[in-house]
Amino acid sequence: MSAIGKGLKRRGRLMMQAVSPPRRALDAIPGPRPADDGYTAPPAPRLVRSPVFVLSSVRSGSTLLRVLLNSHSRIRAPHEMHLRTVHVHLSRDFTADAMKALALDKDELEHVLWDRVLHLELTRSGKDVIVDKTPPNTLIWPRLRRCWPEARHILLLRHPAAVVASLTDRRADPDHAAIRDEVLRYSEKLEEARVNLNPHVVTYEDLTAEPERVTRGICDYLGVPWEAGMLDYGSKDHGTFRPQLGDWSSTIKSGRIQAARTADPAVGLPPRLTELARAWGYPE
């Protein structure tokens, strides 16, 4: 009798659902995005006013520079944070209006979130200078400058032919044309940043050949005293070396600064990459 009673109750619920009108969607379910009304929010105050961004191509030694800087007692340089991939979603048609009433828009909400992430990481570290080295940041340097007008920038260059060779070696089935296009895309953005940002420029070749001189120059730029322990990065904890967060090769895991591989003259570069290499002071 108990089983029959439960069955009748279940059938009754199903019949009620069948004849009832559809329920209104819950507010938590994303609705259509509102049309952009052209509103641009003013910059909100930043918790981190002057972060440091390392701008570089992939395969240019940015992980080595990161761990050298992170070995300083006042500099926090965590793994690649990929802030550009952290987005805010305005899920209801009235959300943009609500944010506009607070003098915020989607971009500025993302800027506030990015800033909070940097501040949280800096506070956890107990240091006072934070460095973000994420190579794809190079592709959005104007957005970073808009978010942090007082940011400082370290431009890390490497000969484009060496970058092409490194990318080719790292990929199981390399598409040579795609690799050259990728290096050219990064190189064009690096040149834009070099011309427009007045950054502190270093090269991977110099960093590996004269690490003390190069790191002393960076410390002067950042306004912190140089520390000899920066060069002994293997004795410090820099987190796990793993894909998507930076270089994870045996070279970086060795804990020692190793000589840079020179550019391969057999690597034929497109004319524009050759022109950029010349502009950066690399020999023909």
# chains A, B, ... in the order shown; residues from 1 in each chain; ligands from 1
>>> select_by_dssp(residues="stretch 182-220 of chain A", states="alpha helix (DSSP H)", output="PDB file with C-alpha atoms, in the first residue's frame")
ATOM      1  CA  GLU A 182      53.818  33.780 -34.414  1.00  0.00           C
ATOM      2  CA  VAL A 183      57.294  35.207 -33.862  1.00  0.00           C
ATOM      3  CA  LEU A 184      56.521  38.108 -36.179  1.00  0.00           C
ATOM      4  CA  ARG A 185      53.291  38.889 -34.295  1.00  0.00           C
ATOM      5  CA  TYR A 186      55.156  39.051 -30.995  1.00  0.00           C
ATOM      6  CA  SER A 187      58.022  41.001 -32.517  1.00  0.00           C
ATOM      7  CA  GLU A 188      55.748  43.666 -33.982  1.00  0.00           C
ATOM      8  CA  LYS A 189      54.108  44.194 -30.584  1.00  0.00           C
ATOM      9  CA  LEU A 190      57.501  44.312 -28.889  1.00  0.00           C
ATOM     10  CA  GLU A 191      58.606  47.018 -31.294  1.00  0.00           C
ATOM     11  CA  GLU A 192      55.413  48.983 -30.620  1.00  0.00           C
ATOM     12  CA  ALA A 193      56.062  48.727 -26.886  1.00  0.00           C
ATOM     13  CA  ARG A 194      59.712  49.698 -27.308  1.00  0.00           C
ATOM     14  CA  VAL A 195      58.746  52.862 -29.159  1.00  0.00           C
ATOM     15  CA  ASN A 196      55.752  53.874 -27.032  1.00  0.00           C
ATOM     16  CA  TYR A 204      68.379  37.306 -23.292  1.00  0.00           C
ATOM     17  CA  GLU A 205      71.851  37.015 -24.763  1.00  0.00           C
ATOM     18  CA  ASP A 206      73.211  39.661 -22.357  1.00  0.00           C
ATOM     19  CA  LEU A 207      71.253  38.257 -19.416  1.00  0.00           C
ATOM     20  CA  THR A 208      72.907  34.855 -19.760  1.00  0.00           C
ATOM     21  CA  ALA A 209      76.365  36.208 -20.601  1.00  0.00           C
ATOM     22  CA  PRO A 211      73.765  38.261 -15.437  1.00  0.00           C
ATOM     23  CA  GLU A 212      75.173  40.500 -12.709  1.00  0.00           C
ATOM     24  CA  ARG A 213      75.438  43.556 -14.933  1.00  0.00           C
ATOM     25  CA  VAL A 214      71.966  43.057 -16.407  1.00  0.00           C
ATOM     26  CA  THR A 215      70.236  42.377 -13.081  1.00  0.00           C
ATOM     27  CA  ARG A 216      72.002  45.379 -11.518  1.00  0.00           C
ATOM     28  CA  GLY A 217      70.528  47.536 -14.268  1.00  0.00           C
ATOM     29  CA  ILE A 218      67.046  46.123 -13.666  1.00  0.00           C
ATOM     30  CA  CYS A 219      67.334  46.726  -9.918  1.00  0.00           C
ATOM     31  CA  ASP A 220      68.356  50.332 -10.573  1.00  0.00           C
TER      32      ASP A 220
END
>>> select_by_dssp(residues="stretch 73-131 of chain A", states="strand (DSSP E)", output="PyMOL selection string")
chain A and resi 75-76+129-131
>>> write_last_selection(atoms="N, CA, C and O atoms", output="PDB file, in the first residue's frame")
ATOM      1  N   ILE A  75      61.205  41.557  -4.298  1.00  0.00           N
ATOM      2  CA  ILE A  75      60.500  41.405  -5.572  1.00  0.00           C
ATOM      3  C   ILE A  75      59.770  40.075  -5.610  1.00  0.00           C
ATOM      4  O   ILE A  75      60.362  39.021  -5.399  1.00  0.00           O
ATOM      5  N   ARG A  76      58.475  40.129  -5.892  1.00  0.00           N
ATOM      6  CA  ARG A  76      57.686  38.922  -6.090  1.00  0.00           C
ATOM      7  C   ARG A  76      57.389  38.772  -7.570  1.00  0.00           C
ATOM      8  O   ARG A  76      56.744  39.638  -8.192  1.00  0.00           O
ATOM      9  N   VAL A 129      57.331  44.789  -4.408  1.00  0.00           N
ATOM     10  CA  VAL A 129      57.337  44.982  -5.863  1.00  0.00           C
ATOM     11  C   VAL A 129      56.837  43.696  -6.499  1.00  0.00           C
ATOM     12  O   VAL A 129      57.318  42.614  -6.162  1.00  0.00           O
ATOM     13  N   ILE A 130      55.863  43.796  -7.393  1.00  0.00           N
ATOM     14  CA  ILE A 130      55.370  42.599  -8.062  1.00  0.00           C
ATOM     15  C   ILE A 130      55.639  42.685  -9.556  1.00  0.00           C
ATOM     16  O   ILE A 130      55.479  43.742 -10.177  1.00  0.00           O
ATOM     17  N   VAL A 131      56.071  41.561 -10.117  1.00  0.00           N
ATOM     18  CA  VAL A 131      56.415  41.459 -11.536  1.00  0.00           C
ATOM     19  C   VAL A 131      55.551  40.373 -12.163  1.00  0.00           C
ATOM     20  O   VAL A 131      55.478  39.254 -11.651  1.00  0.00           O
TER      21      VAL A 131
END
>>> closest_atom_pairs(of="stretch 35-136 of chain A", to="stretch 225-237 of chain A", cutoff="9 Å", atoms="only C-alpha atoms", output="Markdown table")
| residue | atom | partner | partner_atom | distance |
| --- | --- | --- | --- | --- |
| A:Leu64 | CA | A:Tyr233 | CA | 8.9 |
| A:Val67 | CA | A:Tyr233 | CA | 6.1 |
| A:Leu68 | CA | A:Met230 | CA | 5.1 |
| A:Leu69 | CA | A:Met230 | CA | 6.5 |
| A:Asn70 | CA | A:Met230 | CA | 7.7 |
| A:Ser71 | CA | A:Met230 | CA | 4.8 |
| A:His72 | CA | A:Met230 | CA | 5.6 |
| A:Ser73 | CA | A:Glu227 | CA | 8.2 |
>>> write_last_selection(atoms="N, CA and C atoms", output="short mmCIF file (atom, residue, chain, number, x, y, z; two decimals), in the first residue's frame")
data_model
loop_
_atom_site.label_atom_id
_atom_site.label_comp_id
_atom_site.auth_asym_id
_atom_site.auth_seq_id
_atom_site.Cartn_x
_atom_site.Cartn_y
_atom_site.Cartn_z
N LEU A 64 63.58 32.49 -16.93
CA LEU A 64 64.86 32.73 -16.27
C LEU A 64 64.87 34.09 -15.60
N VAL A 67 62.70 34.05 -12.35
CA VAL A 67 63.25 33.43 -11.14
C VAL A 67 64.41 34.24 -10.58
N LEU A 68 65.15 34.92 -11.44
CA LEU A 68 66.22 35.80 -10.94
C LEU A 68 65.61 36.94 -10.13
N LEU A 69 64.53 37.54 -10.65
CA LEU A 69 63.88 38.63 -9.94
C LEU A 69 63.18 38.12 -8.68
N ASN A 70 62.57 36.96 -8.76
CA ASN A 70 61.86 36.42 -7.61
C ASN A 70 62.81 36.04 -6.48
N SER A 71 64.09 35.90 -6.78
CA SER A 71 65.09 35.58 -5.77
C SER A 71 65.47 36.81 -4.94
N HIS A 72 64.99 37.98 -5.34
CA HIS A 72 65.26 39.22 -4.59
C HIS A 72 64.33 39.28 -3.38
N SER A 73 64.82 39.80 -2.28
CA SER A 73 64.05 39.83 -1.04
C SER A 73 62.85 40.78 -1.11
#
>>> closest_residue(among="A:Asp175, A:Asp107, A:Asp247, A:Asp264", to="A:Gly61", atoms="only C-alpha atoms")
A:Asp247
>>> closest_residue(among="A:Thr63, A:Thr40, A:Ser57, A:Thr203", to="A:Lys253", atoms="only C-alpha atoms")
A:Thr63
>>> closest_residue(among="A:Arg272, A:Arg49, A:Lys106, A:His79", to="A:His119", atoms="only C-alpha atoms")
A:Arg49
>>> residues_around(residues="A:Leu102", least_positions_apart="4", cutoff="12 Å", atoms="only C-alpha atoms", output="NGL selection string")
:A and (41-44 or 95-98 or 106 or 108-109)
>>> closest_residue(among="A:His89, A:Arg146, A:His153, A:Arg158", to="A:Arg261", atoms="only C-alpha atoms")
A:Arg158
>>> atom_distance(atom1="atom CA of A:Gly38", atom2="atom CA of A:His111")
17.8 Å
